[in-house]
Amino acid sequence: MGYELFIGLRYLKAKRKQTFISVITFISILGITVGVTALIIVLSVMNGFEENLKEKILGINANVVITELGQGMRDYNTVAGKVKKMPGIMGATPFTYNQAMISSPNGVIGAVIRGLDLKTIAGVTVLPSKIREGSLDGIKSPIKDSSGAPGIIIGSELARNIGVKVGDSVNVISPMGTMTPAGPVPRMAAFKVSGIFELGMYEYDSSMAFISLENSQSFFRLGDTATGVEVKIKDIYEAERIADEIMIELKGPYWTRTWMEMNRNLFSALKLEKVAMFIILTLIILVAALNIISTLIMVVMEKGKDIAILKSLGATSAGIMKIFMIEGIIIGVTGTFFGTVLGLAAALNLEKIVQFLEQVFHFKVLPPSVYYIDTFPSKVEPTVVAAIIVFSIGISFLATLYPSWQASRFDPVEGLRYE
């Protein structure tokens, strides 16, 4: 062990007369521990929230949407067939998108009615696996079939809001009514609830319903047209490139939009919030670094005689500087270590911690109507944790430079003059 490391470790152990310095050292370690812990937990939660939100959005929506300029897409089957043959594409399905009102004896609510092609929908969205009650097959029966009302699948929150369950009848009312001599009359048709889905995202569960593509075309008077074609790709981050390739392949009056374009504002806000939280929580580590500076300055002032003796014995200025740098770095590394351990332990078990707090204090941490999701997500990314560790130790190292430099400039003659 070099004398610099030996002396630096000894200076961490305060004598009885230096208890105040020891307390400041402990506060410095505690400050770095709290800062690192908070950074790991908060960034893990925000990463988990972004991943959870992305999964839910892409689970029900396509990665790329193809639409035709005009009043709808007539050759949707041809477009879907061409797109499926392109590399990097897992599936394509036509869809319709319309707004309507859904009413029952217990209430009425506005909703988005989407028409699905039952033959191809399973290869594009996760809807079939998210149906909690009933089945997707229930929406096959056409509107004009005399055997009964056609089926409709609605979200769990929507079903709760209008008080219906599987097997109940609802009325779907289109704002685009039929023109009569007495004026426009809203178009209305009876549907039977054949399934209830739950995506875990309040916005979708409370305002979305699905019917078959044929029934949607018949009810909304669309003829043999669709709103567009939804496309699922293997790598979601290649969406922009594949969208450009689709435009080149189709060579027509088509327009493509990617999931990043359709949700740009939401994910941009999440990214901005993540950066803001990182900057704010970093201030905790900076405050702890100031404590390291003050601790080392007081140690340097108190150890003036020791520095003078060491220099008289032949210690160099670089050696003296290294002693106090080692002391400060040990404080930073210790605080970073404990902060990393506590942060990882909390981030990896956050769901259990939140459930325990909700049971004890009887409140909901994440109301789904506000935060889009109904669970508390947490995703620990090793690169983010490594960056936090490097950043924390780096700040601690920088905090040691000035006090150590001041110690290295200490004149041994001044320290021993009155001894």
# chains A, B, ... in the order shown; residues from 1 in each chain; ligands from 1

$ residues_around --residues "segment 21-35 of chain A" --least-positions-apart "5" --cutoff "9 Å" --atoms "only C-alpha atoms" --output "short mmCIF file (atom, residue, chain, number, x, y, z; two decimals) with C-alpha atoms, in the first residue's frame"
data_model
loop_
_atom_site.label_atom_id
_atom_site.label_comp_id
_atom_site.auth_asym_id
_atom_site.auth_seq_id
_atom_site.Cartn_x
_atom_site.Cartn_y
_atom_site.Cartn_z
CA LEU A 12 -11.24 9.34 6.95
CA LYS A 13 -11.21 8.22 10.57
CA ALA A 14 -11.66 11.42 12.55
CA LYS A 15 -10.21 11.89 16.00
CA ILE A 40 -31.79 5.00 -10.80
CA LEU A 281 -31.95 14.90 -9.52
CA THR A 282 -28.31 15.48 -10.47
CA LEU A 283 -28.46 18.58 -8.26
CA ILE A 284 -28.62 16.22 -5.26
CA ILE A 285 -25.27 14.74 -6.25
CA LEU A 286 -23.87 18.24 -6.85
CA VAL A 287 -24.89 19.29 -3.34
CA ALA A 288 -23.12 16.22 -1.98
CA ALA A 289 -20.06 17.15 -4.04
CA LEU A 290 -20.04 20.58 -2.39
CA ASN A 291 -20.03 18.77 0.95
CA ILE A 292 -16.98 16.82 -0.22
CA SER A 294 -16.03 21.61 2.31
CA THR A 295 -14.93 18.42 4.11
CA LEU A 296 -11.59 18.31 2.31
CA MET A 298 -11.48 21.61 6.59
CA VAL A 299 -9.27 18.51 6.64
CA ILE A 331 -16.33 9.21 -0.21
CA GLY A 332 -17.78 9.39 -3.74
CA VAL A 333 -17.28 5.69 -4.51
CA THR A 334 -18.80 4.64 -1.17
CA GLY A 335 -21.87 6.81 -1.68
CA THR A 336 -22.22 5.66 -5.30
CA PHE A 337 -21.94 1.99 -4.27
CA PHE A 338 -24.65 2.20 -1.62
CA GLY A 339 -26.83 4.32 -3.89
CA THR A 340 -26.52 1.81 -6.73
CA LEU A 342 -30.41 0.64 -2.97
CA GLY A 343 -31.54 2.00 -6.34
CA SER A 392 -21.47 10.30 -9.85
CA SER A 396 -16.84 13.32 -6.81
#

$ closest_atom_pairs --of "segment 131-239 of chain A" --to "segment 248-272 of chain A" --cutoff "9 Å" --atoms "only C-alpha atoms" --output "Markdown table"
| residue | atom | partner | partner_atom | distance |
| --- | --- | --- | --- | --- |
| A:Ile236 | CA | A:Trp259 | CA | 8.3 |
| A:Tyr237 | CA | A:Met260 | CA | 8.7 |
| A:Ala239 | CA | A:Thr258 | CA | 6.0 |

$ write_last_selection --atoms "C-alpha atoms" --output "PDB file, in the first residue's frame"
ATOM      1  CA  ILE A 236     -40.337  -0.989 -35.163  1.00  0.00           C
ATOM      2  CA  TYR A 237     -37.368   1.377 -35.384  1.00  0.00           C
ATOM      3  CA  ALA A 239     -40.630   2.105 -39.659  1.00  0.00           C
TER       4      ALA A 239
END

$ select_by_dssp --residues "segment 96-234 of chain A" --states "helix (DSSP H, G or I)" --output "PyMOL selection string"
chain A and resi 121-123+127-130+136-139+156-162+202-205+213-219

$ residues_around --residues "Leu350 of chain A" --least-positions-apart "2" --cutoff "10 Å" --atoms "only C-alpha atoms" --output "list in words"
Ile41, Ser44, Val45, Leu344, Ala345, Ala346, Ala347, Leu348, Lys352, Ile353, Val354, Gln355, Phe356, Phe376, Pro377, Ser378 and Lys379 of chain A

$ residues_around --residues "Gly81 of chain A" --least-positions-apart "3" --cutoff "12 Å" --atoms "only C-alpha atoms" --output "list in words"
Asp75, Tyr76, Asn77, Thr78, Lys84, Lys85, Met86, Ile89, Met90, Gly91, Ala92, Thr93, Pro94, Thr120, Val229, Glu230, Val231, Ile246, Glu249 and Leu250 of chain A

$ residues_around --residues "Asp224 of chain A" --least-positions-apart "6" --cutoff "12 Å" --atoms "only C-alpha atoms" --output "MDAnalysis selection string"
chainID A and resid 71:77 94:96 213:218

$ closest_residue --among "A:Ala399, A:Ile143, A:Ile388, A:Leu118" --to "Ile330 of chain A" --atoms "only C-alpha atoms"
A:Ala399

$ atom_distance --atom1 "atom CA of Ile121 of chain A" --atom2 "atom CA of Leu158 of chain A"
21.9 Å

$ residues_around --residues "Ile173 of chain A" --least-positions-apart "4" --cutoff "12 Å" --atoms "only C-alpha atoms" --output "ChimeraX atom specification"
/A:98-104,108-113,177-178,185-191,219-220

$ write_last_selection --atoms "N, CA and C atoms" --output "short mmCIF file (atom, residue, chain, number, x, y, z; two decimals), in the first residue's frame"
data_model
loop_
_atom_site.label_atom_id
_atom_site.label_comp_id
_atom_site.auth_asym_id
_atom_site.auth_seq_id
_atom_site.Cartn_x
_atom_site.Cartn_y
_atom_site.Cartn_z
N ASN A 98 -64.12 5.02 -37.87
CA ASN A 98 -65.24 5.96 -37.84
C ASN A 98 -65.63 6.27 -36.40
N GLN A 99 -66.26 7.40 -36.21
CA GLN A 99 -66.76 7.79 -34.89
C GLN A 99 -68.27 7.62 -34.84
N ALA A 100 -68.76 7.20 -33.69
CA ALA A 100 -70.20 6.97 -33.53
C ALA A 100 -70.54 7.07 -32.06
N MET A 101 -71.81 6.89 -31.76
CA MET A 101 -72.30 6.86 -30.37
C MET A 101 -72.79 5.45 -30.09
N ILE A 102 -72.49 4.97 -28.91
CA ILE A 102 -72.97 3.66 -28.47
C ILE A 102 -73.90 3.88 -27.29
N SER A 103 -75.12 3.37 -27.40
CA SER A 103 -76.11 3.59 -26.35
C SER A 103 -76.66 2.27 -25.84
N SER A 104 -77.07 2.29 -24.59
CA SER A 104 -77.73 1.16 -23.95
C SER A 104 -78.78 1.73 -23.02
N VAL A 108 -75.17 6.39 -22.60
CA VAL A 108 -74.72 6.59 -23.97
C VAL A 108 -73.35 7.24 -23.94
N ILE A 109 -72.49 6.88 -24.90
CA ILE A 109 -71.13 7.38 -24.89
C ILE A 109 -70.59 7.41 -26.31
N GLY A 110 -69.71 8.38 -26.60
CA GLY A 110 -69.06 8.45 -27.90
C GLY A 110 -67.90 7.47 -27.97
N ALA A 111 -67.69 6.89 -29.13
CA ALA A 111 -66.64 5.89 -29.28
C ALA A 111 -66.10 5.89 -30.70
N VAL A 112 -64.94 5.29 -30.85
CA VAL A 112 -64.33 5.06 -32.16
C VAL A 112 -64.67 3.63 -32.57
N ILE A 113 -65.28 3.47 -33.72
CA ILE A 113 -65.65 2.16 -34.22
C ILE A 113 -64.66 1.77 -35.32
N GLY A 177 -76.04 10.89 -40.76
CA GLY A 177 -77.36 10.30 -40.91
C GLY A 177 -77.83 10.19 -42.34
N THR A 178 -79.01 9.61 -42.46
CA THR A 178 -79.64 9.46 -43.78
C THR A 178 -80.56 10.65 -44.04
N VAL A 185 -81.66 12.16 -40.66
CA VAL A 185 -82.00 11.29 -39.54
C VAL A 185 -80.78 10.44 -39.21
N PRO A 186 -80.35 10.41 -37.95
CA PRO A 186 -79.18 9.60 -37.60
C PRO A 186 -79.37 8.14 -37.97
N ARG A 187 -78.30 7.55 -38.45
CA ARG A 187 -78.35 6.14 -38.82
C ARG A 187 -78.11 5.31 -37.56
N MET A 188 -78.89 4.27 -37.33
CA MET A 188 -78.78 3.49 -36.11
C MET A 188 -78.94 2.00 -36.42
N ALA A 189 -78.17 1.17 -35.70
CA ALA A 189 -78.27 -0.28 -35.86
C ALA A 189 -78.03 -0.93 -34.51
N ALA A 190 -78.70 -2.05 -34.30
CA ALA A 190 -78.54 -2.81 -33.06
C ALA A 190 -77.39 -3.80 -33.21
N PHE A 191 -76.55 -3.86 -32.19
CA PHE A 191 -75.44 -4.81 -32.15
C PHE A 191 -75.50 -5.59 -30.84
N PHE A 219 -72.73 -0.37 -42.50
CA PHE A 219 -73.38 0.57 -41.59
C PHE A 219 -73.02 2.01 -41.91
N PHE A 220 -71.74 2.27 -42.20
CA PHE A 220 -71.30 3.65 -42.45
C PHE A 220 -71.39 4.03 -43.93
#

$ closest_residue --among "A:Lys130, A:Arg241, A:Lys234, A:Lys140" --to "Gly88 of chain A" --atoms "only C-alpha atoms"
A:Lys234

$ atom_distance --atom1 "atom CA of Ile152 of chain A" --atom2 "atom CA of Ser169 of chain A"
9.3 Å

$ select_by_dssp --residues "segment 68-99 of chain A" --states "strand (DSSP E or B)" --output "CSV table (one decimal) with C-alpha atoms, in the first residue's frame"
chain,number,residue,atom,x,y,z
A,68,GLU,CA,-55.2,6.8,-50.1
A,73,MET,CA,-59.1,3.0,-50.4
A,89,ILE,CA,-43.0,-6.9,-43.0
A,90,MET,CA,-44.9,-9.4,-40.8
A,91,GLY,CA,-48.5,-8.7,-41.8
A,92,ALA,CA,-51.0,-6.3,-43.3
A,93,THR,CA,-54.7,-5.9,-42.8
A,94,PRO,CA,-57.3,-3.4,-44.1
A,95,PHE,CA,-59.3,-1.4,-41.6
A,96,THR,CA,-62.0,1.3,-41.3
A,97,TYR,CA,-62.1,4.1,-38.7
A,98,ASN,CA,-65.2,6.0,-37.8
A,99,GLN,CA,-66.8,7.8,-34.9

$ closest_residue --among "A:Glu238, A:Leu39, A:Pro382, A:Glu4" --to "Ala315 of chain A" --atoms "only C-alpha atoms"
A:Glu4

$ decode --residues "segment 224-328 of chain A" --atoms "C-alpha atoms" --output "PDB file, in the first residue's frame"
ATOM      1  CA  ASP A 224     -66.321  -1.437 -51.055  1.00  0.00           C
ATOM      2  CA  THR A 225     -63.732   0.899 -49.531  1.00  0.00           C
ATOM      3  CA  ALA A 226     -61.578   0.927 -46.414  1.00  0.00           C
ATOM      4  CA  THR A 227     -59.925   3.727 -44.473  1.00  0.00           C
ATOM      5  CA  GLY A 228     -56.523   2.193 -45.147  1.00  0.00           C
ATOM      6  CA  VAL A 229     -54.164  -0.722 -44.546  1.00  0.00           C
ATOM      7  CA  GLU A 230     -52.307  -1.348 -41.301  1.00  0.00           C
ATOM      8  CA  VAL A 231     -48.836  -2.872 -41.497  1.00  0.00           C
ATOM      9  CA  LYS A 232     -46.780  -4.659 -38.851  1.00  0.00           C
ATOM     10  CA  ILE A 233     -43.001  -4.791 -39.256  1.00  0.00           C
ATOM     11  CA  LYS A 234     -40.267  -6.832 -37.573  1.00  0.00           C
ATOM     12  CA  ASP A 235     -38.189  -3.913 -36.293  1.00  0.00           C
ATOM     13  CA  ILE A 236     -40.337  -0.989 -35.163  1.00  0.00           C
ATOM     14  CA  TYR A 237     -37.368   1.377 -35.384  1.00  0.00           C
ATOM     15  CA  GLU A 238     -37.117   0.699 -39.140  1.00  0.00           C
ATOM     16  CA  ALA A 239     -40.630   2.105 -39.659  1.00  0.00           C
ATOM     17  CA  GLU A 240     -39.542   5.244 -41.514  1.00  0.00           C
ATOM     18  CA  ARG A 241     -37.329   3.349 -43.947  1.00  0.00           C
ATOM     19  CA  ILE A 242     -39.977   0.714 -44.658  1.00  0.00           C
ATOM     20  CA  ALA A 243     -42.647   3.414 -45.079  1.00  0.00           C
ATOM     21  CA  ASP A 244     -40.509   5.026 -47.791  1.00  0.00           C
ATOM     22  CA  GLU A 245     -40.019   1.648 -49.483  1.00  0.00           C
ATOM     23  CA  ILE A 246     -43.797   1.062 -49.417  1.00  0.00           C
ATOM     24  CA  MET A 247     -44.373   4.389 -51.153  1.00  0.00           C
ATOM     25  CA  ILE A 248     -41.880   3.432 -53.859  1.00  0.00           C
ATOM     26  CA  GLU A 249     -43.415  -0.038 -54.278  1.00  0.00           C
ATOM     27  CA  LEU A 250     -47.047   1.093 -54.531  1.00  0.00           C
ATOM     28  CA  LYS A 251     -46.442   4.012 -56.949  1.00  0.00           C
ATOM     29  CA  GLY A 252     -49.835   5.621 -56.530  1.00  0.00           C
ATOM     30  CA  PRO A 253     -51.827   8.250 -54.629  1.00  0.00           C
ATOM     31  CA  TYR A 254     -50.925   6.706 -51.286  1.00  0.00           C
ATOM     32  CA  TRP A 255     -49.733   8.202 -48.051  1.00  0.00           C
ATOM     33  CA  THR A 256     -47.889   6.420 -45.228  1.00  0.00           C
ATOM     34  CA  ARG A 257     -47.593   7.339 -41.579  1.00  0.00           C
ATOM     35  CA  THR A 258     -45.405   5.604 -38.991  1.00  0.00           C
ATOM     36  CA  TRP A 259     -46.131   4.994 -35.324  1.00  0.00           C
ATOM     37  CA  MET A 260     -43.452   7.555 -34.450  1.00  0.00           C
ATOM     38  CA  GLU A 261     -45.201  10.258 -36.485  1.00  0.00           C
ATOM     39  CA  MET A 262     -48.632   9.446 -35.041  1.00  0.00           C
ATOM     40  CA  ASN A 263     -47.351   9.571 -31.441  1.00  0.00           C
ATOM     41  CA  ARG A 264     -44.539  12.094 -31.816  1.00  0.00           C
ATOM     42  CA  ASN A 265     -45.876  14.575 -29.253  1.00  0.00           C
ATOM     43  CA  LEU A 266     -46.362  11.927 -26.579  1.00  0.00           C
ATOM     44  CA  PHE A 267     -42.918  10.345 -26.862  1.00  0.00           C
ATOM     45  CA  SER A 268     -41.199  13.726 -27.273  1.00  0.00           C
ATOM     46  CA  ALA A 269     -42.817  14.856 -24.014  1.00  0.00           C
ATOM     47  CA  LEU A 270     -41.632  11.677 -22.271  1.00  0.00           C
ATOM     48  CA  LYS A 271     -38.083  12.188 -23.526  1.00  0.00           C
ATOM     49  CA  LEU A 272     -38.053  15.830 -22.445  1.00  0.00           C
ATOM     50  CA  GLU A 273     -39.388  14.888 -19.014  1.00  0.00           C
ATOM     51  CA  LYS A 274     -36.701  12.225 -18.634  1.00  0.00           C
ATOM     52  CA  VAL A 275     -33.952  14.747 -19.408  1.00  0.00           C
ATOM     53  CA  ALA A 276     -35.478  17.295 -17.014  1.00  0.00           C
ATOM     54  CA  MET A 277     -35.697  14.752 -14.185  1.00  0.00           C
ATOM     55  CA  PHE A 278     -32.072  13.723 -14.759  1.00  0.00           C
ATOM     56  CA  ILE A 279     -30.930  17.342 -14.487  1.00  0.00           C
ATOM     57  CA  ILE A 280     -33.035  18.033 -11.381  1.00  0.00           C
ATOM     58  CA  LEU A 281     -31.950  14.899  -9.521  1.00  0.00           C
ATOM     59  CA  THR A 282     -28.314  15.477 -10.470  1.00  0.00           C
ATOM     60  CA  LEU A 283     -28.459  18.577  -8.259  1.00  0.00           C
ATOM     61  CA  ILE A 284     -28.624  16.221  -5.256  1.00  0.00           C
ATOM     62  CA  ILE A 285     -25.270  14.742  -6.251  1.00  0.00           C
ATOM     63  CA  LEU A 286     -23.869  18.244  -6.853  1.00  0.00           C
ATOM     64  CA  VAL A 287     -24.885  19.293  -3.337  1.00  0.00           C
ATOM     65  CA  ALA A 288     -23.124  16.218  -1.976  1.00  0.00           C
ATOM     66  CA  ALA A 289     -20.062  17.152  -4.043  1.00  0.00           C
ATOM     67  CA  LEU A 290     -20.040  20.581  -2.390  1.00  0.00           C
ATOM     68  CA  ASN A 291     -20.028  18.771   0.954  1.00  0.00           C
ATOM     69  CA  ILE A 292     -16.980  16.821  -0.219  1.00  0.00           C
ATOM     70  CA  ILE A 293     -15.235  20.091  -1.083  1.00  0.00           C
ATOM     71  CA  SER A 294     -16.028  21.614   2.311  1.00  0.00           C
ATOM     72  CA  THR A 295     -14.934  18.422   4.107  1.00  0.00           C
ATOM     73  CA  LEU A 296     -11.593  18.307   2.314  1.00  0.00           C
ATOM     74  CA  ILE A 297     -10.964  22.019   2.837  1.00  0.00           C
ATOM     75  CA  MET A 298     -11.482  21.614   6.592  1.00  0.00           C
ATOM     76  CA  VAL A 299      -9.268  18.509   6.638  1.00  0.00           C
ATOM     77  CA  VAL A 300      -6.537  20.396   4.781  1.00  0.00           C
ATOM     78  CA  MET A 301      -6.741  23.281   7.264  1.00  0.00           C
ATOM     79  CA  GLU A 302      -6.653  20.894  10.226  1.00  0.00           C
ATOM     80  CA  LYS A 303      -3.821  18.755   8.800  1.00  0.00           C
ATOM     81  CA  GLY A 304      -1.480  21.659   8.069  1.00  0.00           C
ATOM     82  CA  LYS A 305       1.174  20.326  10.474  1.00  0.00           C
ATOM     83  CA  ASP A 306       0.938  16.841   8.963  1.00  0.00           C
ATOM     84  CA  ILE A 307       1.376  18.227   5.452  1.00  0.00           C
ATOM     85  CA  ALA A 308       4.396  20.252   6.560  1.00  0.00           C
ATOM     86  CA  ILE A 309       6.021  17.191   8.176  1.00  0.00           C
ATOM     87  CA  LEU A 310       5.334  15.036   5.107  1.00  0.00           C
ATOM     88  CA  LYS A 311       6.903  17.629   2.812  1.00  0.00           C
ATOM     89  CA  SER A 312       9.887  17.932   5.161  1.00  0.00           C
ATOM     90  CA  LEU A 313      10.327  14.154   4.923  1.00  0.00           C
ATOM     91  CA  GLY A 314      10.400  14.340   1.137  1.00  0.00           C
ATOM     92  CA  ALA A 315       6.758  14.006   0.044  1.00  0.00           C
ATOM     93  CA  THR A 316       6.134  15.723  -3.273  1.00  0.00           C
ATOM     94  CA  SER A 317       3.307  18.131  -4.065  1.00  0.00           C
ATOM     95  CA  ALA A 318       1.788  15.463  -6.326  1.00  0.00           C
ATOM     96  CA  GLY A 319       1.881  12.973  -3.438  1.00  0.00           C
ATOM     97  CA  ILE A 320       0.143  15.410  -1.071  1.00  0.00           C
ATOM     98  CA  MET A 321      -2.466  16.143  -3.738  1.00  0.00           C
ATOM     99  CA  LYS A 322      -3.049  12.416  -4.237  1.00  0.00           C
ATOM    100  CA  ILE A 323      -3.710  11.882  -0.492  1.00  0.00           C
ATOM    101  CA  PHE A 324      -6.692  14.225  -0.438  1.00  0.00           C
ATOM    102  CA  MET A 325      -7.928  13.138  -3.850  1.00  0.00           C
ATOM    103  CA  ILE A 326      -8.029   9.555  -2.584  1.00  0.00           C
ATOM    104  CA  GLU A 327     -10.003  10.656   0.458  1.00  0.00           C
ATOM    105  CA  GLY A 328     -12.609  12.460  -1.662  1.00  0.00           C
TER     106      GLY A 328
END
